[in-house]
>>> print(open('query_0.pdb').read())   # PDB, C-alpha atoms and all ligand atoms
ATOM      1  CA  MET V   1      91.056 109.060 148.850
ATOM      2  CA  ARG V   2      91.576 112.613 150.033
ATOM      3  CA  ARG V   3      95.082 113.369 151.337
ATOM      4  CA  LYS V   4      95.123 114.276 155.042
ATOM      5  CA  LEU V   5      95.186 118.007 155.613
ATOM      6  CA  THR V   6      96.491 119.503 158.822
ATOM      7  CA  SER V   7      95.670 122.704 160.636
ATOM      8  CA  GLY V   8      99.072 123.904 159.417
ATOM      9  CA  HIS V   9      98.116 123.819 155.743
ATOM     10  CA  ALA V  10      97.883 126.929 153.636
ATOM     11  CA  PHE V  11      95.554 127.322 150.664
ATOM     12  CA  VAL V  12      96.138 129.248 147.479
ATOM     13  CA  ALA V  13      93.498 130.183 144.887
ATOM     14  CA  LEU V  14      94.615 130.228 141.269
ATOM     15  CA  GLY V  15      92.866 132.132 138.501
ATOM     16  CA  ALA V  16      93.709 132.842 134.872
ATOM     17  CA  ASN V  17      91.766 134.191 131.904
ATOM     18  CA  LEU V  18      94.471 135.247 129.441
ATOM     19  CA  PRO V  19      96.715 132.988 127.331
ATOM     20  CA  LEU V  20     100.432 132.854 128.054
ATOM     21  CA  ASP V  21     102.758 130.430 126.257
ATOM     22  CA  THR V  22      99.845 128.452 124.839
ATOM     23  CA  PRO V  23      96.334 129.638 123.931
ATOM     24  CA  ASN V  24      94.814 127.749 126.870
ATOM     25  CA  PRO V  25      95.141 129.235 130.389
ATOM     26  CA  GLU V  26      94.650 125.690 131.703
ATOM     27  CA  ASP V  27      98.308 125.080 130.795
ATOM     28  CA  THR V  28      99.298 128.081 132.913
ATOM     29  CA  LEU V  29      97.352 126.762 135.904
ATOM     30  CA  ARG V  30      98.992 123.329 135.618
ATOM     31  CA  SER V  31     102.462 124.879 135.381
ATOM     32  CA  ALA V  32     101.757 127.240 138.302
ATOM     33  CA  MET V  33     100.661 124.255 140.408
ATOM     34  CA  ALA V  34     103.993 122.604 139.635
ATOM     35  CA  ALA V  35     105.804 125.826 140.561
ATOM     36  CA  MET V  36     104.260 125.589 144.044
ATOM     37  CA  ILE V  37     105.771 122.177 144.802
ATOM     38  CA  PRO V  38     108.949 123.712 146.324
ATOM     39  CA  LEU V  39     106.795 125.802 148.690
ATOM     40  CA  SER V  40     105.395 122.701 150.367
ATOM     41  CA  GLN V  41     106.813 120.065 152.696
ATOM     42  CA  GLN V  42     104.433 117.530 151.140
ATOM     43  CA  LEU V  43     103.151 117.150 147.621
ATOM     44  CA  PRO V  44     100.532 119.879 147.172
ATOM     45  CA  VAL V  45      96.876 118.855 147.201
ATOM     46  CA  LEU V  46      95.197 119.955 143.965
ATOM     47  CA  SER V  47      91.571 120.634 143.185
ATOM     48  CA  GLY V  48      90.140 120.146 139.750
ATOM     49  CA  ILE V  49      90.022 123.071 137.371
ATOM     50  CA  TYR V  50      86.757 124.988 137.114
ATOM     51  CA  GLU V  51      85.459 127.463 134.547
ATOM     52  CA  SER V  52      83.729 130.556 135.900
ATOM     53  CA  GLU V  53      82.013 133.672 134.617
ATOM     54  CA  PRO V  54      84.070 136.815 135.265
ATOM     55  CA  LYS V  55      82.840 138.419 138.512
ATOM     56  CA  ASP V  56      82.996 142.219 139.037
ATOM     57  CA  CYS V  57      85.290 142.448 135.998
ATOM     58  CA  PRO V  58      85.498 144.937 133.111
ATOM     59  CA  PRO V  59      82.938 144.237 130.326
ATOM     60  CA  GLY V  60      84.109 141.710 127.750
ATOM     61  CA  SER V  61      86.499 139.910 130.121
ATOM     62  CA  PRO V  62      87.102 136.299 129.010
ATOM     63  CA  LEU V  63      85.930 133.332 131.106
ATOM     64  CA  TYR V  64      88.195 132.370 134.015
ATOM     65  CA  LEU V  65      89.748 129.074 134.930
ATOM     66  CA  ASN V  66      90.149 128.542 138.675
ATOM     67  CA  ALA V  67      91.581 126.018 141.093
ATOM     68  CA  VAL V  68      92.742 125.769 144.706
ATOM     69  CA  VAL V  69      95.980 124.213 145.946
ATOM     70  CA  GLY V  70      96.752 123.118 149.523
ATOM     71  CA  ILE V  71     100.375 123.248 150.637
ATOM     72  CA  LEU V  72     102.162 122.532 153.888
ATOM     73  CA  PRO V  73     104.504 125.501 154.315
ATOM     74  CA  ARG V  74     108.024 124.948 155.587
ATOM     75  CA  ALA V  75     108.704 125.663 159.258
ATOM     76  CA  ASP V  76     110.540 128.890 158.482
ATOM     77  CA  GLU V  77     107.746 130.233 156.273
ATOM     78  CA  ASP V  78     105.350 132.895 157.507
ATOM     79  CA  PRO V  79     102.336 134.340 155.677
ATOM     80  CA  LEU V  80     104.233 137.304 154.253
ATOM     81  CA  THR V  81     107.220 135.324 153.004
ATOM     82  CA  LEU V  82     104.770 132.926 151.360
ATOM     83  CA  LEU V  83     102.806 135.800 149.778
ATOM     84  CA  HIS V  84     106.041 137.201 148.335
ATOM     85  CA  LYS V  85     106.917 133.818 146.825
ATOM     86  CA  LEU V  86     103.449 133.598 145.277
ATOM     87  CA  GLN V  87     103.849 137.081 143.831
ATOM     88  CA  ALA V  88     107.200 136.053 142.344
ATOM     89  CA  ILE V  89     105.461 133.096 140.672
ATOM     90  CA  GLU V  90     102.782 135.447 139.283
ATOM     91  CA  LEU V  91     105.519 137.572 137.722
ATOM     92  CA  ARG V  92     107.227 134.520 136.223
ATOM     93  CA  PHE V  93     103.910 133.682 134.619
ATOM     94  CA  GLY V  94     103.532 137.012 132.919
ATOM     95  CA  ARG V  95     101.364 138.882 135.432
ATOM     96  CA  THR V  96     101.140 142.602 134.784
ATOM     97  CA  ARG V  97      99.093 145.230 136.627
ATOM     98  CA  SER V  98      97.763 148.376 134.939
ATOM     99  CA  GLY V  99      95.694 149.486 137.934
ATOM    100  CA  VAL V 100      92.307 148.538 136.415
ATOM    101  CA  ILE V 101      90.261 146.678 139.043
ATOM    102  CA  ASN V 102      89.869 142.949 138.346
ATOM    103  CA  GLU V 103      91.504 143.251 134.955
ATOM    104  CA  SER V 104      92.176 140.084 132.948
ATOM    105  CA  ARG V 105      95.332 138.244 133.917
ATOM    106  CA  THR V 106      97.614 135.427 132.863
ATOM    107  CA  LEU V 107      97.801 134.279 136.494
ATOM    108  CA  ASP V 108      96.430 135.389 139.846
ATOM    109  CA  LEU V 109      97.462 133.723 143.095
ATOM    110  CA  ASP V 110      95.561 134.628 146.259
ATOM    111  CA  LEU V 111      96.548 133.357 149.678
ATOM    112  CA  LEU V 112      93.238 132.130 151.096
ATOM    113  CA  ALA V 113      94.458 130.938 154.490
ATOM    114  CA  PHE V 114      97.671 130.127 156.303
ATOM    115  CA  GLY V 115      96.656 127.654 158.996
ATOM    116  CA  ASP V 116      94.351 129.490 161.352
ATOM    117  CA  LYS V 117      96.358 132.726 161.269
ATOM    118  CA  GLU V 118      94.362 135.933 161.160
ATOM    119  CA  MET V 119      95.843 139.241 160.111
ATOM    120  CA  ASP V 120      94.725 142.493 158.568
ATOM    121  CA  THR V 121      97.522 144.675 157.219
ATOM    122  CA  PRO V 122      97.693 146.796 154.047
ATOM    123  CA  GLU V 123      99.753 144.066 152.402
ATOM    124  CA  LEU V 124      97.985 140.933 153.563
ATOM    125  CA  THR V 125      94.598 140.023 154.978
ATOM    126  CA  LEU V 126      93.999 136.503 156.282
ATOM    127  CA  PRO V 127      91.800 134.711 155.753
ATOM    128  CA  HIS V 128      91.374 136.282 152.319
ATOM    129  CA  PRO V 129      88.626 138.890 152.759
ATOM    130  CA  ARG V 130      86.496 137.862 149.774
ATOM    131  CA  ALA V 131      87.051 134.088 149.720
ATOM    132  CA  HIS V 132      83.751 133.312 151.472
ATOM    133  CA  GLN V 133      81.771 135.212 148.794
ATOM    134  CA  ARG V 134      83.200 133.521 145.708
ATOM    135  CA  ARG V 135      81.962 130.241 144.305
ATOM    136  CA  PHE V 136      85.095 129.953 142.150
ATOM    137  CA  VAL V 137      87.096 129.782 145.398
ATOM    138  CA  LEU V 138      84.693 127.890 147.674
ATOM    139  CA  GLN V 139      83.901 125.009 145.319
ATOM    140  CA  PRO V 140      87.493 123.935 144.532
ATOM    141  CA  TRP V 141      88.499 124.602 148.150
ATOM    142  CA  LEU V 142      85.682 122.378 149.446
ATOM    143  CA  GLU V 143      86.775 119.681 146.986
ATOM    144  CA  ILE V 144      90.201 119.378 148.623
ATOM    145  CA  ALA V 145      89.574 120.493 152.219
ATOM    146  CA  GLY V 146      86.068 119.170 152.830
ATOM    147  CA  ASN V 147      83.947 120.478 155.618
ATOM    148  CA  GLU V 148      86.618 120.021 158.291
ATOM    149  CA  TRP V 149      88.166 123.335 157.308
ATOM    150  CA  LEU V 150      86.449 126.302 158.927
ATOM    151  CA  LEU V 151      86.456 129.710 157.287
ATOM    152  CA  LYS V 152      85.382 132.527 159.583
ATOM    153  CA  GLY V 153      83.879 129.908 161.899
ATOM    154  CA  ARG V 154      81.720 128.193 159.262
ATOM    155  CA  THR V 155      82.221 125.246 156.938
ATOM    156  CA  LEU V 156      83.034 125.822 153.285
ATOM    157  CA  GLY V 157      79.807 123.994 152.408
ATOM    158  CA  ASP V 158      77.783 126.412 154.525
ATOM    159  CA  TRP V 159      79.334 129.367 152.730
ATOM    160  CA  LEU V 160      78.624 127.714 149.373
ATOM    161  CA  LEU V 161      74.953 127.255 150.194
ATOM    162  CA  GLU V 162      74.707 130.992 150.736
ATOM    163  CA  CYS V 163      76.714 131.973 147.667
ATOM    164  CA  GLN V 164      74.670 133.606 144.883
ATOM    165  CA  ASP V 165      77.265 133.120 142.120
ATOM    166  CA  PRO V 166      76.176 131.041 139.093
ATOM    167  CA  PRO V 167      77.195 127.355 138.918
ATOM    168  CA  LEU V 168      80.685 126.463 137.693
ATOM    169  CA  SER V 169      81.665 123.711 135.314
ATOM    170  CA  ARG V 170      84.534 121.445 136.291
ATOM    171  CA  LEU V 171      86.940 120.431 133.533
ATOM    172  CA  GLN V 172      87.805 116.789 132.924
ATOM    173  CA  GLU V 173      90.647 115.282 134.919
ATOM    174  CA  TRP V 174      94.004 115.098 133.186
TER     175      TRP V 174
HETATM  176  P1  LIG C   1      95.406 141.175 143.130
HETATM  177  O1  LIG C   1      95.783 142.281 142.198
HETATM  178  O2  LIG C   1      93.959 140.830 143.098
HETATM  179  O3  LIG C   1      96.316 139.976 142.994
HETATM  180  O4  LIG C   1      95.651 141.740 144.611
HETATM  181  C1  LIG C   1      96.902 141.687 145.155
HETATM  182  C2  LIG C   1      97.011 142.711 146.285
HETATM  183  O5  LIG C   1      96.210 142.325 147.382
HETATM  184  C3  LIG C   1      98.450 142.811 146.723
HETATM  185  O6  LIG C   1      98.773 144.169 146.893
HETATM  186  C4  LIG C   1      98.455 142.091 148.067
HETATM  187  O7  LIG C   1      99.408 142.660 148.940
HETATM  188  C5  LIG C   1      97.031 142.285 148.559
HETATM  189  N1  LIG C   1      96.526 141.215 149.424
HETATM  190  C6  LIG C   1      95.936 141.383 150.628
HETATM  191  N2  LIG C   1      95.572 140.225 151.161
HETATM  192  C7  LIG C   1      95.906 139.248 150.261
HETATM  193  C8  LIG C   1      95.781 137.831 150.243
HETATM  194  N3  LIG C   1      95.214 137.142 151.264
HETATM  195  N4  LIG C   1      96.256 137.157 149.162
HETATM  196  C9  LIG C   1      96.804 137.840 148.121
HETATM  197  N5  LIG C   1      96.958 139.177 148.074
HETATM  198  C10 LIG C   1      96.517 139.882 149.139
END
>>> encode(input="query_0.pdb", output="structure tokens")
Amino acid sequence: MRRKLTSGHAFVALGANLPLDTPNPEDTLRSAMAAMIPLSQQLPVLSGIYESEPKDCPPGSPLYLNAVVGILPRADEDPLTLLHKLQAIELRFGRTRSGVINESRTLDLDLLAFGDKEMDTPELTLPHPRAHQRRFVLQPWLEIAGNEWLLKGRTLGDWLLECQDPPLSRLQEW
């Protein structure tokens, strides 16, 4: 049974395609999900883990593993404070930035949505500006949020039908 989501939920996309403490980035995703527990008033809602082809990435980039997590932010949290906490988690999980666009990474955390808040600042755009174009975001997000969640006025399923990205494979449950 799907856990009840509220209009106050926030959603975070996880991605990883480089090893960290173990050869398998899946371990990083699982640990990063656990690191998000303190950011949520309820146990986070977790999608499965999906494998995707690198999209708009430098040639030779390894396959990605992706997932989406739903959290219920604390009352004193706002989108920017949450983004900063996600960036701190990225750093703890070995994230470095050389400036190359879409370079491989041990962990990427994108804030997809924070309730129905909309903003467009140099530091944070909500909803995430490319979420609706990416199967590796839409498919795990649909898995946990269903079609009740609207993104830019449309259901996640509607966006998926339009998405041209190749199919993803979903890893086995743990
Ligand atoms: P990336 O290197 O792909 O993780 O991009 C991170 C950059 O995008 C940071 O400078 C963020 O401030 C900015 N950014 C803008 N909107 C968002 C968002 N919704 N979620 C995460 N990062 C964002």
>>> resolve_selection(input="query_0.pdb", expression="the PyMOL selection byres (((not hetatm)) within 7 of (chain C and resi 1))", output="PyMOL selection string")
chain V and resi 83+102+108-112+122-129
>>> write_last_selection(input="query_0.pdb", atoms="C-alpha atoms", output="compact mmCIF listing (two decimals), in the frame of the given file")
# COMPACT_ATOMS: atom_id res chain seq x y z
CA LEU V 83 102.81 135.80 149.78
CA ASN V 102 89.87 142.95 138.35
CA ASP V 108 96.43 135.39 139.85
CA LEU V 109 97.46 133.72 143.10
CA ASP V 110 95.56 134.63 146.26
CA LEU V 111 96.55 133.36 149.68
CA LEU V 112 93.24 132.13 151.10
CA PRO V 122 97.69 146.80 154.05
CA GLU V 123 99.75 144.07 152.40
CA LEU V 124 97.98 140.93 153.56
CA THR V 125 94.60 140.02 154.98
CA LEU V 126 94.00 136.50 156.28
CA PRO V 127 91.80 134.71 155.75
CA HIS V 128 91.37 136.28 152.32
CA PRO V 129 88.63 138.89 152.76
>>> residues_around(input="query_0.pdb", residues="Val69 of chain V", least_positions_apart="3", cutoff="7 Å", atoms="all atoms listed in the file", output="JSON, numbers by chain")
{"V": [11, 12, 13, 44, 45, 46, 47]}
>>> residues_around(input="query_0.pdb", residues="Gly94 of chain V", least_positions_apart="2", cutoff="9 Å", atoms="all atoms listed in the file", output="VMD selection string")
chain V and resid 20 89 to 92 96 105 to 107
>>> atom_distance(input="query_0.pdb", atom1="atom CA of Glu77 of chain V", atom2="atom CA of Ala145 of chain V")
21.0 Å
>>> closest_residue(input="query_0.pdb", among="V:Glu26, V:Asp76, V:Asp158, V:Asp120", to="Leu171 of chain V", atoms="all atoms listed in the file")
V:Glu26
>>> closest_residue(input="query_0.pdb", among="V:Leu82, V:Ala113, V:Leu138, V:Pro58", to="Val100 of chain V", atoms="all atoms listed in the file")
V:Pro58
>>> residues_near_point(input="query_0.pdb", point="(84.3, 122.1, 153.9)", cutoff="12 Å", atoms="only C-alpha atoms", output="PyMOL selection string")
chain V and resi 5+132+137-161
>>> closest_residue(input="query_0.pdb", among="V:Arg135, V:Thr22, V:Gly8, V:Ser31", to="Ala75 of chain V", atoms="all atoms listed in the file")
V:Gly8
>>> residues_around(input="query_0.pdb", residues="segment 23-25 of chain V", least_positions_apart="2", cutoff="12 Å", atoms="only C-alpha atoms", output="PyMOL selection string")
chain V and resi 14-21+27-32+49-51+62-67+93-94+104-108
>>> atom_distance(input="query_0.pdb", atom1="atom CA of Pro167 of chain V", atom2="atom CA of Ile71 of chain V")
26.3 Å
>>> atom_distance(input="query_0.pdb", atom1="atom CA of Ser61 of chain V", atom2="atom CA of Ile101 of chain V")
11.8 Å
>>> resolve_selection(input="query_0.pdb", expression="the PyMOL selection byres (((chain V and resi 36-41) around 7) and not hetatm)", output="JSON, numbers by chain")
{"V": [32, 33, 34, 35, 42, 43, 44, 71, 72, 73, 74]}
>>> axis_aligned_box(input="query_0.pdb", around="segment 153-169 of chain V", padding_each_side="5 Å", output="lines of an AutoDock Vina configuration file")
center_x = 79.3
center_y = 128.7
center_z = 148.6
size_x = 19.2
size_y = 19.9
size_z = 36.6
>>> closest_residue(input="query_0.pdb", among="V:Pro166, V:Gly99, V:Pro79, V:Gly70", to="Ser52 of chain V", atoms="only C-alpha atoms")
V:Pro166
